[in-house]
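Okay, structure first, notes after.
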Amino acid sequence: MDVASQDAIKQLSARLDQVDEQLKATFQNVHQGYPTTTMMRYLKAREWCVPKAYKMLVDCLNWRIQNHIDDILKKPILPADLYRAVRDSQLVGLSGYSKEGLPVFAIGVGLSTLDKASVNHYVQSHIQINEYRDRVILPAATKKNGRHIGKCVKVLDMTGLKLSALSHIKLMTIITTIDDLNYPEKTQTYYVVNAPYVFSACWKVVKPLLQERTRRKIQILPGCGRDELLKIMDYDSLPHFCRRESYGSSRISSAGADDCYSLDYPFHQQLYNYIKQQALSQEYATLLKQGCFPREAAIVDTEGTKVVKKLESELHKVRDLNGLTHPPLNCLHISGA
């Protein structure tokens with residue numbers, strides 16, 4: 001770490017020493033014993049500008065207090081059938097770990113219908129997975145590997161991505177805003193697999209909107225990405241949709257014990273049981289009075305929301321040109337970021 005970076009961390013730390021005790025308490029839940037690494041994340045997100053990083057971090061801490069984020073892992077989505085509906089339509093799961101020990105999260109971007117529950121329940125579930133990752137998964141990985149593990153790897157499956165994704169723009173924007181402002185720099189690499197034409201068309205216009213440090217994190221892999229992903233993780237950690245040798249993926253054909261999206265998969269069973277157990281430690285009626293879910297996030301211009309807006313614009317264009325002939329999906333070649 002160079003002298004300028006060390007100085008920025010010292011300045012940010014000195015400013016945080018002046019905040020009230022409530023903010024300091026929730027900051028402990030954020031840094032999980034690694035305050036310097038956490039401050040570096042916010043500094044990177046604001047191009048090492050100390051005043052901007054300080055504002056971002058304090059805004060995050062206030063958001064956590066106002067929305068009772070420290071207690072969100074004590075608030076199960078009930079009844080169980082509703083939570084199953086969320087899991088069946090918001091496809092995300094922990095498939096394993098990379099060879100470096102980083103958690104591998106699979107996200108079914110194209111096949112997530114997001115139509116079985118309210119926006120509030122989907123956002124609550126998203127935040128709970130973020131918090132469980134940061135408070136349980138990453139600390140456990142740190143202990144197992146004997147070194148700090150503070151980031152994850154994400155594999156984004158674009159199978160089934162259609163123009164109907166336009167109907168999810170509001171939810172995408174809310175989630176993107178929450179992640180950009182409150183969970184910065186938590187992903188080491190995004191691997192995009194099974195990318196259809198509609199993604200190819202959008203990527204060309206979205207890529208220039210991304211900062212260079214973000215572009216470097218994104219890798220577009222051919223087909224299901226199996227061969228490339230096996231270089232960074234073992235076969236057992238591959239998401240189920242990456243285990244096919246041929247191009248493409250199907251939730252249906254891959255369903256079963258290896259479907260990491262399923263509520264019956266070990267990760268989701270552990271997460272849901274953890275939340276239910278935590279709920280017993282505090283009067284559930286008290287939590288209900290607080291509200292089961294954080295109030296809707298204000299939409300502000302972040303790198304992510306600008307991308308979502310541009311994506312919406314391009315999807316409208318593609319829809320308007322839907323009568324044109326597009327090249328077969330398996331003939332497309334998308335350059336890596």
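By convention here, the chains of the structure tokens are called A, B, ... in the order presented, each chain's residues are numbered starting at 1, and ligands are numbered starting at 1 in the order presented.
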List the spatial neighbours of stretch 26-37 of chain A as a list in words - criterion: any atom at most 7 Å away, only C-alpha atoms, same-chain residues fewer than 4 positions off excluded.
Gln22, Arg41, Leu61, Asp70 and Arg135 of chain A
Using only C-alpha atoms, which protein or nucleic acid residues come within 12 Å of A:Leu238? Drop anything in the same chain fewer than 2 positions from it, and give the result as an MDAnalysis selection string.
chainID A and resid 93:99 103:106 153:155 191 224:236 240:244 258:260
Please provide as a tab-separated table (two decimals) with C-alpha atoms, in the first residue's frame all residues within 7 Å of stretch 145-152 of chain A, with the sequence filter that same-chain residues fewer than 6 positions apart are discarded (counting only C-alpha atoms).
chain	number	residue	atom	x	y	z
A	101	GLY	CA	-11.37	-19.69	-0.94
A	102	LEU	CA	-13.81	-17.05	-2.19
A	103	PRO	CA	-17.54	-17.90	-2.07
A	104	VAL	CA	-19.04	-18.51	-5.52
A	138	LEU	CA	-17.09	-14.64	4.69
A	186	LYS	CA	-17.72	-6.96	-2.37
A	187	THR	CA	-17.28	-8.87	-5.66
A	188	GLN	CA	-13.87	-9.76	-7.05
Pairwise distance, atom CA of A:Lys52 with atom CA of A:Asn130, equals 23.3 Å
Find the nearest atom pair between each residue of stretch 110-172 of chain A and stretch 269-277 of chain A for residues within 12 Å, count only C-alpha atoms, give distances in Å to one decimal, sort rows by chain and ascending number, and present the table as JSON lines.
{"residue": "A:Ser125", "atom": "CA", "partner": "A:Tyr272", "partner_atom": "CA", "distance": 10.3}
{"residue": "A:Gln128", "atom": "CA", "partner": "A:Leu271", "partner_atom": "CA", "distance": 8.8}
{"residue": "A:Ile129", "atom": "CA", "partner": "A:Leu271", "partner_atom": "CA", "distance": 7.9}
{"residue": "A:Asn130", "atom": "CA", "partner": "A:Leu271", "partner_atom": "CA", "distance": 11.1}
{"residue": "A:Glu131", "atom": "CA", "partner": "A:Leu271", "partner_atom": "CA", "distance": 10.4}
{"residue": "A:Tyr132", "atom": "CA", "partner": "A:Leu271", "partner_atom": "CA", "distance": 7.2}
{"residue": "A:Arg133", "atom": "CA", "partner": "A:Leu271", "partner_atom": "CA", "distance": 9.5}
{"residue": "A:Arg135", "atom": "CA", "partner": "A:Leu271", "partner_atom": "CA", "distance": 11.5}
{"residue": "A:Val136", "atom": "CA", "partner": "A:Leu271", "partner_atom": "CA", "distance": 9.4}
{"residue": "A:Ile137", "atom": "CA", "partner": "A:Leu271", "partner_atom": "CA", "distance": 9.9}
Grab the residues selected above and save them as a compact mmCIF listing (two decimals), in the first residue's frame with C-alpha atoms.
# COMPACT_ATOMS: atom_id res chain seq x y z
CA SER A 125 -34.35 -11.46 0.65
CA GLN A 128 -30.56 -10.95 3.92
CA ILE A 129 -28.30 -12.86 1.53
CA ASN A 130 -25.87 -9.91 1.51
CA GLU A 131 -25.82 -9.79 5.30
CA TYR A 132 -25.52 -13.56 5.71
CA ARG A 133 -22.62 -13.51 3.25
CA ARG A 135 -21.59 -11.88 8.71
CA VAL A 136 -21.50 -15.68 8.36
CA ILE A 137 -20.09 -16.95 5.03
Extract, using only C-alpha atoms, all DNA, RNA and protein residues at most 7 Å from A:Leu91, discarding same-chain residues fewer than 2 positions from it, and format them as a list in words.
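Selected residues are Arg87, Asp88, Ser89, Gly93, Ile107, Gly108, Ser112 and Tyr261 of chain A.
Closest approach to A:Lys144 from the set A:Ala80, A:Val205, A:His268, A:Glu100 is made by A:Glu100, with distances taken over only C-alpha atoms.
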